[in-house]
Amino acid sequence: MKSSIPEMVLNDGLRLPVMGFGTSGLKGNEGAAAVESAIRTGYRLIDSAYNYENEGTIGEAVRRSAVPREELLLTSKLPGRYHEYDKAVAAIQESLYRGGLDYYDLYLIHWPNPEEDRFVEAWQALIDAKKWGLIRSIGVCNFLPEHLERLKNETGVLPSINQIELHPYFNQEEQRRFHEEHNIATESWSPLARVQDILDHDVIQKIADDQNRTVSQVILRWHYQIGAVSIPKSSNPVRQKENLSIFDFSLSENQMNDIAALTTEDGRIQNQDPAVYQEF
Ligand SMILES: NC(=O)c1ccc[n+]([C@@H]2O[C@H](COP(=O)([O-])OP(=O)(O)OC[C@H]3O[C@@H](n4cnc5c(N)ncnc54)[C@H](OP(=O)(O)O)[C@@H]3O)[C@@H](O)[C@H]2O)c1
């Protein structure tokens with residue numbers, strides 16, 4: 001039952017597999033079956049969020065699974081409407097109740113919502129929830145360097161991880177450099193750019209042909225080689241396995257550069273720039 005995914009160590013000591021499983025849209029009985037299948041396939045890090053309304057589904061999959069809870073790393077996220085300290089604490093507790101869990105391994109602030117400007121207060125709630133044993137490791141999503149600086153200056157605590165939109169069309173080179181300089185791990189959301197047209201991209205297709213791999217595998221290997229934790233979502237057991245099978249080949253420097261060159265300034269999938277975009 002042991003998983004063969006390599007691990008990395010976060011700045012607070014938590015060991016994290018370098019690939020996890022995305023669950024956006026996976027709900028109810030079908031969703032629980034998909035998550036249980038992912039665990040059986042070898043995924044140990046499961047991404048979820050209060051706003052996906054599937055923390056209960058994840059909890060159900062965990063209870064159905066033969067893998068013990070302690071071997072899994074479960075993530076959830078605080079919605080933008082609950083950044084006020086007391087509301088944040090209650091939302092973390094509610095997330096636990098929904099999942100039927102005693103603790104989350106990772107809990108993240110979902111969006112900074114800079115216009116509201118309460119993310120430091122939310123961060124304080126995560127810091128305290130970690131002290132109370134409700135969360136093992138605390139992080140954020142979609143935080144720009146200026147938001148991370150605020151956390152550092154106003155609480156003295158930097159996140160263990162920042163989950164950001166990252167794929168070949170938007171490779172976040174500068175943001176990743178900032179993370180490296182501050183010992184914050186990078187996690188890639190929509191690592192496959194939600195597939196759309198990327199599976200037909202001729203540059204990646206050529207690399208896939210040369211490597212005798214699929215386009216998805218090449219993209220996920222690229223995430224691994226740039227040092228980012230990817231969390232591809234798939235409801236399909238065959239594609240779940242395909243996505244996980246990337247630890248027995250490597251991309252050359254030229255191939256890495258060819259993929260990096262696909263990035264453009266407006267490469268975000270839905271133009272969700274955290275400097276202005278807000279989500280509640
Ligand atoms: N923090 C944030 O703000 C944020 C934002 C967005 C997403 N996320 C997280 O990141 C996770 C992943 O992102 P995502 O779900 O947006 O997109 P994604 O993982 O890039 O792509 C998912 C899509 O790709 C398809 N797919 C997966 N593997 C495939 C393969 N090998 N071949 C062909 N198609 C494949 C899936 O279809 P099938 O299911 O049919 O296989 C699904 O339609 C989410 O589920 C969520 O947990 C976080």
# chains A, B, ... in the order shown; residues from 1 in each chain; ligands from 1
>>> residues_around(residues="range 107-116 of chain A", least_positions_apart="6", cutoff="9 Å", atoms="only C-alpha atoms", output="number ranges by chain")
A: 49, 51, 74-80, 83, 92, 122-123, 126, 135-144, 147, 159, 161-163, 274-280
>>> select_by_dssp(residues="range 31-184 of chain A", states="helix (DSSP H, G or I)", output="ChimeraX atom specification")
/A:31-41,50-52,55-64,69-71,80-82,85-99,119-131,145-155,173-181
>>> select_by_dssp(residues="range 51-168 of chain A", states="strand (DSSP E)", output="ChimeraX atom specification")
/A:73-78,104-109,135-141,161-165
>>> residues_near_ligand(ligand="ligand 1", cutoff="8 Å", atoms="only C-alpha atoms and all ligand atoms", output="PyMOL selection string")
chain A and resi 21-25+46-49+77+110-111+141-142+163-165+167+188-196+199+214-217+230-236+239-240+242-243
>>> write_last_selection(atoms="N, CA and C atoms", output="compact mmCIF listing (two decimals), in the first residue's frame")
# COMPACT_ATOMS: atom_id res chain seq x y z
N PHE A 21 -3.57 15.30 -5.58
CA PHE A 21 -4.76 15.06 -6.39
C PHE A 21 -5.73 16.23 -6.23
N GLY A 22 -6.11 16.85 -7.34
CA GLY A 22 -7.08 17.95 -7.33
C GLY A 22 -8.49 17.40 -7.28
N THR A 23 -9.40 18.10 -6.61
CA THR A 23 -10.76 17.53 -6.46
C THR A 23 -11.87 18.51 -6.83
N SER A 24 -11.53 19.63 -7.42
CA SER A 24 -12.57 20.60 -7.76
C SER A 24 -13.62 19.93 -8.65
N GLY A 25 -14.88 20.01 -8.25
CA GLY A 25 -15.96 19.41 -9.05
C GLY A 25 -16.26 17.96 -8.69
N ILE A 46 -4.31 15.17 -0.92
CA ILE A 46 -5.61 15.44 -1.54
C ILE A 46 -5.95 16.91 -1.32
N ASP A 47 -6.22 17.61 -2.41
CA ASP A 47 -6.55 19.03 -2.33
C ASP A 47 -8.07 19.22 -2.29
N SER A 48 -8.53 20.07 -1.40
CA SER A 48 -9.96 20.34 -1.34
C SER A 48 -10.14 21.80 -0.94
N ALA A 49 -11.36 22.25 -0.75
CA ALA A 49 -11.61 23.62 -0.30
C ALA A 49 -13.03 23.70 0.24
N LYS A 77 -9.26 24.80 2.33
CA LYS A 77 -8.96 26.23 2.14
C LYS A 77 -10.06 27.11 2.71
N HIS A 110 -7.63 30.82 0.64
CA HIS A 110 -7.92 30.52 -0.77
C HIS A 110 -7.53 31.66 -1.72
N TRP A 111 -7.84 32.91 -1.35
CA TRP A 111 -7.47 34.09 -2.16
C TRP A 111 -7.14 35.24 -1.21
N CYS A 141 -2.92 30.52 -0.96
CA CYS A 141 -3.03 30.36 -2.41
C CYS A 141 -3.07 31.76 -3.02
N ASN A 142 -2.53 31.88 -4.17
CA ASN A 142 -2.71 33.09 -4.97
C ASN A 142 -2.17 34.35 -4.30
N GLN A 163 -0.10 28.02 -3.16
CA GLN A 163 -0.69 27.31 -4.30
C GLN A 163 -1.12 28.36 -5.33
N ILE A 164 -0.53 28.31 -6.50
CA ILE A 164 -0.76 29.35 -7.51
C ILE A 164 -1.10 28.73 -8.87
N GLU A 165 -1.73 29.54 -9.72
CA GLU A 165 -1.98 29.06 -11.09
C GLU A 165 -0.63 28.89 -11.78
N HIS A 167 1.19 26.57 -15.08
CA HIS A 167 1.18 25.59 -16.16
C HIS A 167 2.06 26.15 -17.27
N SER A 188 1.20 23.91 -7.81
CA SER A 188 0.60 24.36 -9.07
C SER A 188 -0.86 23.99 -9.16
N TRP A 189 -1.74 25.00 -9.24
CA TRP A 189 -3.15 24.64 -9.53
C TRP A 189 -3.40 24.72 -11.04
N SER A 190 -4.42 23.98 -11.49
CA SER A 190 -4.64 23.77 -12.93
C SER A 190 -3.32 23.44 -13.64
N PRO A 191 -2.60 22.43 -13.14
CA PRO A 191 -1.27 22.13 -13.70
C PRO A 191 -1.34 21.74 -15.18
N LEU A 192 -2.50 21.21 -15.60
CA LEU A 192 -2.67 20.83 -17.01
C LEU A 192 -3.43 21.91 -17.77
N ALA A 193 -3.50 23.10 -17.19
CA ALA A 193 -4.24 24.21 -17.80
C ALA A 193 -5.67 23.77 -18.16
N ARG A 194 -6.23 22.91 -17.30
CA ARG A 194 -7.59 22.34 -17.51
C ARG A 194 -7.74 21.71 -18.89
N VAL A 195 -6.67 21.19 -19.38
CA VAL A 195 -6.50 20.57 -20.71
C VAL A 195 -6.93 21.50 -21.85
N GLN A 196 -8.15 21.77 -22.05
CA GLN A 196 -8.57 22.61 -23.17
C GLN A 196 -7.72 22.32 -24.42
N LEU A 199 -3.45 19.83 -24.77
CA LEU A 199 -3.10 18.46 -25.14
C LEU A 199 -2.77 18.34 -26.63
N THR A 214 2.78 10.52 -22.75
CA THR A 214 1.64 11.35 -23.17
C THR A 214 1.95 12.82 -22.87
N VAL A 215 1.18 13.70 -23.48
CA VAL A 215 1.37 15.14 -23.26
C VAL A 215 1.18 15.48 -21.78
N SER A 216 0.17 14.91 -21.15
CA SER A 216 -0.07 15.18 -19.71
C SER A 216 1.14 14.78 -18.88
N GLN A 217 1.72 13.63 -19.20
CA GLN A 217 2.88 13.18 -18.43
C GLN A 217 4.07 14.14 -18.60
N SER A 230 2.45 19.46 -8.09
CA SER A 230 1.27 19.61 -8.95
C SER A 230 0.11 18.80 -8.37
N ILE A 231 -1.11 19.26 -8.66
CA ILE A 231 -2.32 18.57 -8.14
C ILE A 231 -3.32 18.37 -9.28
N PRO A 232 -2.96 17.57 -10.29
CA PRO A 232 -3.90 17.35 -11.38
C PRO A 232 -5.18 16.68 -10.88
N LYS A 233 -6.30 17.10 -11.46
CA LYS A 233 -7.59 16.48 -11.14
C LYS A 233 -7.99 15.55 -12.27
N SER A 234 -8.39 14.34 -11.94
CA SER A 234 -9.04 13.50 -12.94
C SER A 234 -10.06 12.60 -12.25
N SER A 235 -11.23 12.50 -12.89
CA SER A 235 -12.27 11.63 -12.34
C SER A 235 -12.09 10.20 -12.86
N ASN A 236 -11.09 10.01 -13.73
CA ASN A 236 -10.96 8.74 -14.44
C ASN A 236 -9.74 7.95 -13.93
N ARG A 239 -6.68 7.80 -16.25
CA ARG A 239 -5.93 9.06 -16.34
C ARG A 239 -5.25 9.40 -15.01
N GLN A 240 -5.86 8.99 -13.89
CA GLN A 240 -5.21 9.20 -12.58
C GLN A 240 -3.85 8.49 -12.56
N GLU A 242 -2.12 7.44 -15.25
CA GLU A 242 -1.26 8.07 -16.27
C GLU A 242 -0.54 9.28 -15.68
N ASN A 243 -1.30 10.12 -14.98
CA ASN A 243 -0.73 11.37 -14.44
C ASN A 243 0.34 11.11 -13.39
>>> closest_residue(among="A:Asn257, A:Ser252, A:Ser4, A:Asn11", to="Val157 in chain A", atoms="only C-alpha atoms")
A:Asn11
>>> residues_around(residues="Lys27 in chain A", least_positions_apart="5", cutoff="7 Å", atoms="only C-alpha atoms", output="JSON, numbers by chain")
{"A": [32, 54, 57]}
>>> closest_residue(among="A:Leu220, A:Leu72, A:Ala66, A:Leu96", to="Arg40 in chain A", atoms="only C-alpha atoms")
A:Ala66
>>> residues_around(residues="Ala228 in chain A", least_positions_apart="4", cutoff="6 Å", atoms="only C-alpha atoms", output="ChimeraX atom specification")
/A:186-187,223-224
>>> atom_distance(atom1="CA of Lys130 in chain A", atom2="CA of Arg150 in chain A")
19.4 Å
>>> residues_around(residues="Glu55 in chain A", least_positions_apart="4", cutoff="7 Å", atoms="only C-alpha atoms", output="ChimeraX atom specification")
/A:48-50,59,95,98-99
>>> residues_around(residues="Thr155 in chain A", least_positions_apart="3", cutoff="8 Å", atoms="only C-alpha atoms", output="ChimeraX atom specification")
/A:120,124,151-152
>>> atom_distance(atom1="CA of Gly267 in chain A", atom2="CA of Asn171 in chain A")
8.6 Å
>>> closest_residue(among="A:Lys206, A:His182, A:Arg118, A:Arg15", to="Val218 in chain A", atoms="only C-alpha atoms")
A:Lys206
>>> atom_distance(atom1="CA of Ser245 in chain A", atom2="CA of Glu7 in chain A")
15.0 Å
>>> closest_residue(among="A:Phe170, A:Met19, A:Ala125, A:Ile207", to="Asn254 in chain A", atoms="only C-alpha atoms")
A:Ile207
>>> closest_residue(among="A:Leu166, A:Gln205, A:Ile246, A:Asp197", to="Gln272 in chain A", atoms="only C-alpha atoms")
A:Leu166
>>> decode(residues="range 144-161 of chain A", atoms="N, CA, C and O atoms", output="mmCIF file, in the first residue's frame")
data_model
loop_
_atom_site.group_PDB
_atom_site.id
_atom_site.type_symbol
_atom_site.label_atom_id
_atom_site.label_comp_id
_atom_site.auth_asym_id
_atom_site.auth_seq_id
_atom_site.Cartn_x
_atom_site.Cartn_y
_atom_site.Cartn_z
ATOM 1 N N LEU A 144 0.548 37.173 -3.907
ATOM 2 C CA LEU A 144 1.655 37.812 -4.621
ATOM 3 C C LEU A 144 2.745 38.146 -3.602
ATOM 4 O O LEU A 144 2.480 38.183 -2.396
ATOM 5 N N PRO A 145 3.977 38.412 -4.072
ATOM 6 C CA PRO A 145 5.049 38.753 -3.127
ATOM 7 C C PRO A 145 4.651 39.841 -2.129
ATOM 8 O O PRO A 145 4.961 39.743 -0.943
ATOM 9 N N GLU A 146 3.910 40.862 -2.594
ATOM 10 C CA GLU A 146 3.528 41.952 -1.664
ATOM 11 C C GLU A 146 2.618 41.440 -0.537
ATOM 12 O O GLU A 146 2.695 41.923 0.594
ATOM 13 N N HIS A 147 1.781 40.458 -0.829
ATOM 14 C CA HIS A 147 0.915 39.894 0.218
ATOM 15 C C HIS A 147 1.739 39.037 1.193
ATOM 16 O O HIS A 147 1.508 39.070 2.407
ATOM 17 N N LEU A 148 2.690 38.299 0.646
ATOM 18 C CA LEU A 148 3.543 37.452 1.497
ATOM 19 C C LEU A 148 4.394 38.321 2.425
ATOM 20 O O LEU A 148 4.582 37.992 3.599
ATOM 21 N N GLU A 149 4.882 39.444 1.889
ATOM 22 C CA GLU A 149 5.675 40.377 2.706
ATOM 23 C C GLU A 149 4.845 40.887 3.883
ATOM 24 O O GLU A 149 5.344 41.018 4.999
ATOM 25 N N ARG A 150 3.565 41.178 3.629
ATOM 26 C CA ARG A 150 2.697 41.669 4.703
ATOM 27 C C ARG A 150 2.589 40.621 5.813
ATOM 28 O O ARG A 150 2.654 40.944 7.000
ATOM 29 N N LEU A 151 2.417 39.348 5.433
ATOM 30 C CA LEU A 151 2.312 38.291 6.452
ATOM 31 C C LEU A 151 3.575 38.253 7.296
ATOM 32 O O LEU A 151 3.525 38.163 8.527
ATOM 33 N N LYS A 152 4.705 38.338 6.599
ATOM 34 C CA LYS A 152 5.989 38.257 7.296
ATOM 35 C C LYS A 152 6.160 39.449 8.247
ATOM 36 O O LYS A 152 6.514 39.286 9.418
ATOM 37 N N ASN A 153 5.872 40.644 7.749
ATOM 38 C CA ASN A 153 6.097 41.845 8.559
ATOM 39 C C ASN A 153 5.110 41.960 9.709
ATOM 40 O O ASN A 153 5.443 42.465 10.765
ATOM 41 N N GLU A 154 3.882 41.498 9.508
ATOM 42 C CA GLU A 154 2.857 41.740 10.532
ATOM 43 C C GLU A 154 2.629 40.566 11.486
ATOM 44 O O GLU A 154 2.042 40.746 12.551
ATOM 45 N N THR A 155 3.104 39.363 11.107
ATOM 46 C CA THR A 155 2.933 38.214 12.030
ATOM 47 C C THR A 155 4.242 37.484 12.293
ATOM 48 O O THR A 155 4.317 36.656 13.191
ATOM 49 N N GLY A 156 5.247 37.726 11.463
ATOM 50 C CA GLY A 156 6.531 37.029 11.624
ATOM 51 C C GLY A 156 6.495 35.596 11.118
ATOM 52 O O GLY A 156 7.484 34.869 11.236
ATOM 53 N N VAL A 157 5.354 35.177 10.543
ATOM 54 C CA VAL A 157 5.232 33.782 10.085
ATOM 55 C C VAL A 157 4.971 33.756 8.582
ATOM 56 O O VAL A 157 3.982 34.331 8.107
ATOM 57 N N LEU A 158 5.831 33.074 7.846
ATOM 58 C CA LEU A 158 5.608 32.901 6.408
ATOM 59 C C LEU A 158 4.900 31.571 6.158
ATOM 60 O O LEU A 158 5.085 30.611 6.903
ATOM 61 N N PRO A 159 4.095 31.486 5.111
ATOM 62 C CA PRO A 159 3.426 30.221 4.781
ATOM 63 C C PRO A 159 4.440 29.126 4.420
ATOM 64 O O PRO A 159 5.540 29.425 3.957
ATOM 65 N N SER A 160 4.000 27.874 4.628
ATOM 66 C CA SER A 160 4.855 26.754 4.202
ATOM 67 C C SER A 160 4.771 26.574 2.692
ATOM 68 O O SER A 160 5.693 26.072 2.064
ATOM 69 N N ILE A 161 3.636 27.007 2.107
ATOM 70 C CA ILE A 161 3.384 26.720 0.698
ATOM 71 C C ILE A 161 2.460 27.787 0.115
ATOM 72 O O ILE A 161 1.644 28.357 0.835
#
